[in-house]
Amino acid sequence: MSVDEELQEHAEHAKQPFDKKVAVTMAVIAAMLAIDGVMAHLLTTEELLLQQKASDQWAYYQAKSIRRYTSEVAADIFKGFHDLGAEPVEKYKKAAEKYREDTDEISKEAKAIEAESHMKGEQAHCLDYGEVFLEIGIVFASMAILTKRSGIWFASMGSALIGMMIALCMFLIDVPFVRRLLHFG
């Protein structure tokens, strides 16, 4: 074996630990990407379910509003019948007031559900944006293995770190101060 062949063989063996390190980095980034993706899908599903629940509340609000309006109309109609007395009028006025109180409560609940749905959507967006940087990190890690350049490997880890920081911002969205800044409620 010549000296050149031996040096070339040592150079090849020296490159392998680099590939292993980058491969491990890539596997860790891929695991973070998988977790990020699953959490984003869960939050998006929860956002949609909350939107549906808010829609149901608004439909319930509308039904109560129609009942209130019907009671008000009935009270006005019974006012014209003097021979029936004030009892039917009072009955429908009380019913109308009860429906008004119900609609106020239903409206508050629907708005709270909408705010929660919006918050879940914003959390999912954080995860989605983080996912982009994690994917870029995997691409850079692949490029680092192909080019054997440690600078690209460091860029891969930097991109993954940025992705995780963006994804972890989803936890800040539920902080009251941040929610006020973002106008969630």
# chains A, B, ... in the order shown; residues from 1 in each chain; ligands from 1
call {"tool": "residues_around", "arguments": {"residues": "Cys169 of chain A", "least_positions_apart": "4", "cutoff": "8 Å", "atoms": "only C-alpha atoms", "output": "mmCIF file with N, CA and C atoms, in the first residue's frame"}}
result
data_model
loop_
_atom_site.group_PDB
_atom_site.id
_atom_site.type_symbol
_atom_site.label_atom_id
_atom_site.label_comp_id
_atom_site.auth_asym_id
_atom_site.auth_seq_id
_atom_site.Cartn_x
_atom_site.Cartn_y
_atom_site.Cartn_z
ATOM 1 N N GLN A 123 -51.718 29.515 17.434
ATOM 2 C CA GLN A 123 -50.730 28.547 17.913
ATOM 3 C C GLN A 123 -50.327 27.596 16.780
ATOM 4 N N CYS A 126 -47.847 29.265 14.503
ATOM 5 C CA CYS A 126 -46.480 29.244 15.042
ATOM 6 C C CYS A 126 -45.809 27.912 14.712
ATOM 7 N N MET A 165 -37.585 27.547 18.125
ATOM 8 C CA MET A 165 -37.931 28.768 18.868
ATOM 9 C C MET A 165 -39.252 29.341 18.367
ATOM 10 N N ILE A 173 -48.559 32.430 23.236
ATOM 11 C CA ILE A 173 -49.833 32.979 22.769
ATOM 12 C C ILE A 173 -50.899 32.863 23.850
#
call {"tool": "residues_around", "arguments": {"residues": "segment 63-80 of chain A", "least_positions_apart": "6", "cutoff": "8 Å", "atoms": "only C-alpha atoms", "output": "ChimeraX atom specification"}}
result
/A:86,88-93,95-100,102-103
call {"tool": "residues_around", "arguments": {"residues": "Ala141 of chain A", "least_positions_apart": "4", "cutoff": "9 Å", "atoms": "only C-alpha atoms", "output": "list in words"}}
result
Val22, Ala23, Thr25, Met26, Ile136, Gly137, Ile145, Leu146, Ile152, Trp153, Phe154, Ala155, Ser156 and Met157 of chain A
call {"tool": "write_last_selection", "arguments": {"atoms": "C-alpha atoms", "output": "PDB file, in the first residue's frame"}}
result
ATOM      1  CA  VAL A  22     -24.751  15.036  10.701  1.00  0.00           C
ATOM      2  CA  ALA A  23     -26.990  11.974  10.341  1.00  0.00           C
ATOM      3  CA  THR A  25     -28.472  15.761  13.824  1.00  0.00           C
ATOM      4  CA  MET A  26     -30.774  15.076  10.897  1.00  0.00           C
ATOM      5  CA  ILE A 136     -34.788  23.731   5.895  1.00  0.00           C
ATOM      6  CA  GLY A 137     -32.565  22.318   8.650  1.00  0.00           C
ATOM      7  CA  ILE A 145     -23.380  15.151   4.176  1.00  0.00           C
ATOM      8  CA  LEU A 146     -23.008  15.540   0.422  1.00  0.00           C
ATOM      9  CA  ILE A 152     -23.595  23.886   6.175  1.00  0.00           C
ATOM     10  CA  TRP A 153     -24.050  21.502   9.105  1.00  0.00           C
ATOM     11  CA  PHE A 154     -23.985  24.464  11.514  1.00  0.00           C
ATOM     12  CA  ALA A 155     -26.503  26.265   9.279  1.00  0.00           C
ATOM     13  CA  SER A 156     -28.698  23.170   9.537  1.00  0.00           C
ATOM     14  CA  MET A 157     -28.575  23.235  13.324  1.00  0.00           C
TER      15      MET A 157
END
call {"tool": "residues_around", "arguments": {"residues": "Lys148 of chain A", "least_positions_apart": "4", "cutoff": "9 Å", "atoms": "only C-alpha atoms", "output": "JSON, numbers by chain"}}
result
{"A": [15, 18, 19, 143, 144, 152, 153]}
call {"tool": "write_last_selection", "arguments": {"atoms": "all heavy atoms", "output": "short mmCIF file (atom, residue, chain, number, x, y, z; two decimals), in the first residue's frame"}}
result
data_model
loop_
_atom_site.label_atom_id
_atom_site.label_comp_id
_atom_site.auth_asym_id
_atom_site.auth_seq_id
_atom_site.Cartn_x
_atom_site.Cartn_y
_atom_site.Cartn_z
N LYS A 15 -13.77 11.25 7.45
CA LYS A 15 -15.03 11.85 7.00
C LYS A 15 -16.24 11.14 7.60
O LYS A 15 -17.29 11.73 7.79
CB LYS A 15 -15.12 11.83 5.48
CG LYS A 15 -14.17 12.77 4.80
CD LYS A 15 -14.32 12.66 3.31
CE LYS A 15 -13.28 13.52 2.58
NZ LYS A 15 -13.38 13.36 1.14
N PHE A 18 -17.97 12.56 10.69
CA PHE A 18 -18.72 13.76 10.33
C PHE A 18 -20.10 13.36 9.81
O PHE A 18 -21.12 13.91 10.23
CB PHE A 18 -17.96 14.58 9.29
CG PHE A 18 -18.72 15.79 8.79
CD1 PHE A 18 -18.78 16.94 9.58
CD2 PHE A 18 -19.37 15.78 7.57
CE1 PHE A 18 -19.48 18.06 9.13
CE2 PHE A 18 -20.08 16.88 7.13
CZ PHE A 18 -20.13 18.02 7.91
N ASP A 19 -20.12 12.39 8.90
CA ASP A 19 -21.40 11.93 8.35
C ASP A 19 -22.31 11.39 9.45
O ASP A 19 -23.52 11.64 9.43
CB ASP A 19 -21.18 10.83 7.31
CG ASP A 19 -20.56 11.35 6.02
OD1 ASP A 19 -20.41 12.59 5.89
OD2 ASP A 19 -20.23 10.52 5.15
N MET A 143 -27.36 18.46 2.64
CA MET A 143 -26.31 19.11 1.86
C MET A 143 -24.95 18.98 2.55
O MET A 143 -23.92 18.81 1.89
CB MET A 143 -26.65 20.58 1.64
CG MET A 143 -27.79 20.79 0.67
SD MET A 143 -28.36 22.51 0.53
CE MET A 143 -26.87 23.44 0.42
N ALA A 144 -24.92 19.05 3.88
CA ALA A 144 -23.67 18.92 4.62
C ALA A 144 -23.06 17.54 4.43
O ALA A 144 -21.84 17.40 4.28
CB ALA A 144 -23.90 19.20 6.11
N ILE A 152 -22.21 24.20 6.56
CA ILE A 152 -23.60 23.89 6.18
C ILE A 152 -24.27 23.10 7.30
O ILE A 152 -25.46 23.27 7.56
CB ILE A 152 -23.62 23.13 4.84
CG1 ILE A 152 -23.05 24.01 3.72
CG2 ILE A 152 -25.04 22.70 4.49
CD1 ILE A 152 -22.90 23.32 2.39
N TRP A 153 -23.51 22.25 7.97
CA TRP A 153 -24.05 21.50 9.11
C TRP A 153 -24.48 22.46 10.22
O TRP A 153 -25.55 22.33 10.79
CB TRP A 153 -23.01 20.51 9.60
CG TRP A 153 -23.43 19.68 10.78
CD1 TRP A 153 -24.65 19.12 11.00
CD2 TRP A 153 -22.62 19.31 11.89
NE1 TRP A 153 -24.65 18.42 12.19
CE2 TRP A 153 -23.40 18.52 12.76
CE3 TRP A 153 -21.30 19.55 12.23
CZ2 TRP A 153 -22.92 17.98 13.94
CZ3 TRP A 153 -20.81 19.01 13.41
CH2 TRP A 153 -21.62 18.24 14.25
#
call {"tool": "residues_around", "arguments": {"residues": "segment 30-40 of chain A", "least_positions_apart": "5", "cutoff": "7 Å", "atoms": "only C-alpha atoms", "output": "list in words"}}
result
Ala124, Leu127, Asp128, Glu131 and Leu134 of chain A
call {"tool": "write_last_selection", "arguments": {"atoms": "N, CA, C and O atoms", "output": "mmCIF file, in the first residue's frame"}}
result
data_model
loop_
_atom_site.group_PDB
_atom_site.id
_atom_site.type_symbol
_atom_site.label_atom_id
_atom_site.label_comp_id
_atom_site.auth_asym_id
_atom_site.auth_seq_id
_atom_site.Cartn_x
_atom_site.Cartn_y
_atom_site.Cartn_z
ATOM 1 N N ALA A 124 -51.300 27.160 15.999
ATOM 2 C CA ALA A 124 -51.003 26.272 14.867
ATOM 3 C C ALA A 124 -50.113 26.986 13.850
ATOM 4 O O ALA A 124 -49.213 26.378 13.270
ATOM 5 N N LEU A 127 -46.529 26.838 14.917
ATOM 6 C CA LEU A 127 -45.972 25.522 14.625
ATOM 7 C C LEU A 127 -45.700 25.360 13.126
ATOM 8 O O LEU A 127 -44.686 24.786 12.729
ATOM 9 N N ASP A 128 -46.598 25.882 12.293
ATOM 10 C CA ASP A 128 -46.400 25.792 10.847
ATOM 11 C C ASP A 128 -45.152 26.559 10.404
ATOM 12 O O ASP A 128 -44.366 26.068 9.591
ATOM 13 N N GLU A 131 -42.143 24.737 11.443
ATOM 14 C CA GLU A 131 -41.962 23.558 10.606
ATOM 15 C C GLU A 131 -41.123 23.881 9.368
ATOM 16 O O GLU A 131 -40.282 23.084 8.945
ATOM 17 N N LEU A 134 -37.513 23.912 10.356
ATOM 18 C CA LEU A 134 -37.049 22.555 10.636
ATOM 19 C C LEU A 134 -36.795 21.793 9.333
ATOM 20 O O LEU A 134 -35.804 21.059 9.203
#
call {"tool": "closest_residue", "arguments": {"among": "A:Arg149, A:Phe140, A:Met119, A:Val132", "to": "Ile166 of chain A", "atoms": "only C-alpha atoms"}}
result
A:Val132
call {"tool": "closest_residue", "arguments": {"among": "A:Ile138, A:Leu42, A:Ile162, A:Ala167", "to": "Val28 of chain A", "atoms": "only C-alpha atoms"}}
result
A:Ile138
call {"tool": "decode", "arguments": {"residues": "segment 20-132 of chain A", "atoms": "C-alpha atoms", "output": "tab-separated table (two decimals), in the first residue's frame"}}
result
chain	number	residue	atom	x	y	z
A	20	LYS	CA	-22.54	10.12	11.48
A	21	LYS	CA	-22.78	13.35	13.46
A	22	VAL	CA	-24.75	15.04	10.70
A	23	ALA	CA	-26.99	11.97	10.34
A	24	VAL	CA	-27.74	12.03	14.06
A	25	THR	CA	-28.47	15.76	13.82
A	26	MET	CA	-30.77	15.08	10.90
A	27	ALA	CA	-32.60	12.36	12.85
A	28	VAL	CA	-33.11	14.71	15.82
A	29	ILE	CA	-34.40	17.46	13.54
A	30	ALA	CA	-36.72	14.96	11.84
A	31	ALA	CA	-38.09	13.88	15.22
A	32	MET	CA	-38.70	17.52	16.18
A	33	LEU	CA	-40.38	18.05	12.80
A	34	ALA	CA	-42.67	15.08	13.38
A	35	ILE	CA	-43.70	16.36	16.82
A	36	ASP	CA	-44.21	19.86	15.44
A	37	GLY	CA	-46.34	18.56	12.57
A	38	VAL	CA	-48.57	16.41	14.77
A	39	MET	CA	-49.10	19.25	17.23
A	40	ALA	CA	-49.94	21.65	14.39
A	41	HIS	CA	-52.52	19.21	13.02
A	42	LEU	CA	-54.07	18.72	16.45
A	43	LEU	CA	-54.34	22.46	17.04
A	44	THR	CA	-55.84	23.01	13.59
A	45	THR	CA	-58.43	20.31	14.27
A	46	GLU	CA	-59.21	21.84	17.64
A	47	GLU	CA	-59.54	25.26	16.00
A	48	LEU	CA	-62.07	23.88	13.50
A	49	LEU	CA	-64.05	22.10	16.20
A	50	LEU	CA	-64.20	25.30	18.24
A	51	GLN	CA	-65.33	27.25	15.18
A	52	GLN	CA	-68.15	24.74	14.74
A	53	LYS	CA	-69.06	25.01	18.41
A	54	ALA	CA	-69.13	28.82	18.15
A	55	SER	CA	-71.32	28.53	15.06
A	56	ASP	CA	-73.70	26.28	17.00
A	57	GLN	CA	-73.81	28.87	19.81
A	58	TRP	CA	-74.66	31.63	17.32
A	59	ALA	CA	-77.45	29.46	15.88
A	60	TYR	CA	-78.76	28.95	19.42
A	61	TYR	CA	-78.51	32.72	19.95
A	62	GLN	CA	-80.53	33.28	16.78
A	63	ALA	CA	-83.21	30.81	17.92
A	64	LYS	CA	-83.52	32.58	21.28
A	65	SER	CA	-83.67	35.95	19.52
A	66	ILE	CA	-86.52	34.72	17.35
A	67	ARG	CA	-88.36	33.46	20.45
A	68	ARG	CA	-87.81	36.82	22.15
A	69	TYR	CA	-89.11	38.67	19.11
A	70	THR	CA	-92.13	36.35	18.91
A	71	SER	CA	-92.88	36.96	22.60
A	72	GLU	CA	-92.63	40.73	22.10
A	73	VAL	CA	-95.01	40.55	19.14
A	74	ALA	CA	-97.43	38.38	21.12
A	75	ALA	CA	-97.33	40.86	24.03
A	76	ASP	CA	-98.08	43.72	21.61
A	77	ILE	CA	-100.96	41.77	20.08
A	78	PHE	CA	-102.48	40.94	23.47
A	79	LYS	CA	-102.34	44.60	24.45
A	80	GLY	CA	-105.08	45.17	21.89
A	81	PHE	CA	-107.40	42.65	23.53
A	82	HIS	CA	-108.69	44.57	26.54
A	83	ASP	CA	-111.17	41.88	27.53
A	84	LEU	CA	-108.31	39.36	28.24
A	85	GLY	CA	-106.67	41.62	30.83
A	86	ALA	CA	-102.99	42.21	31.50
A	87	GLU	CA	-102.08	38.62	32.37
A	88	PRO	CA	-101.17	37.37	28.83
A	89	VAL	CA	-99.26	40.61	28.12
A	90	GLU	CA	-97.17	40.20	31.29
A	91	LYS	CA	-96.58	36.53	30.53
A	92	TYR	CA	-95.10	37.34	27.12
A	93	LYS	CA	-93.13	40.33	28.44
A	94	LYS	CA	-91.51	38.07	31.05
A	95	ALA	CA	-90.76	35.48	28.39
A	96	ALA	CA	-89.21	38.16	26.16
A	97	GLU	CA	-87.02	39.38	29.04
A	98	LYS	CA	-85.93	35.82	29.82
A	99	TYR	CA	-84.96	35.28	26.16
A	100	ARG	CA	-83.05	38.58	26.17
A	101	GLU	CA	-81.05	37.46	29.22
A	102	ASP	CA	-80.45	34.07	27.60
A	103	THR	CA	-79.17	35.67	24.40
A	104	ASP	CA	-76.77	37.87	26.35
A	105	GLU	CA	-75.26	34.81	28.04
A	106	ILE	CA	-75.18	32.80	24.81
A	107	SER	CA	-73.48	35.70	23.02
A	108	LYS	CA	-70.75	35.90	25.69
A	109	GLU	CA	-70.16	32.17	25.46
A	110	ALA	CA	-70.01	32.23	21.65
A	111	LYS	CA	-67.49	35.09	21.71
A	112	ALA	CA	-65.34	33.23	24.24
A	113	ILE	CA	-65.37	30.11	22.06
A	114	GLU	CA	-64.46	32.21	19.00
A	115	ALA	CA	-61.53	33.76	20.90
A	116	GLU	CA	-60.29	30.32	21.94
A	117	SER	CA	-60.61	29.08	18.37
A	118	HIS	CA	-58.63	32.06	17.11
A	119	MET	CA	-55.93	31.41	19.71
A	120	LYS	CA	-55.64	27.75	18.66
A	121	GLY	CA	-55.28	28.92	15.06
A	122	GLU	CA	-52.48	31.31	15.98
A	123	GLN	CA	-50.73	28.55	17.91
A	124	ALA	CA	-51.00	26.27	14.87
A	125	HIS	CA	-49.50	29.05	12.72
A	126	CYS	CA	-46.48	29.24	15.04
A	127	LEU	CA	-45.97	25.52	14.63
A	128	ASP	CA	-46.40	25.79	10.85
A	129	TYR	CA	-43.79	28.54	10.58
A	130	GLY	CA	-41.45	26.59	12.83
A	131	GLU	CA	-41.96	23.56	10.61
A	132	VAL	CA	-40.56	25.46	7.62
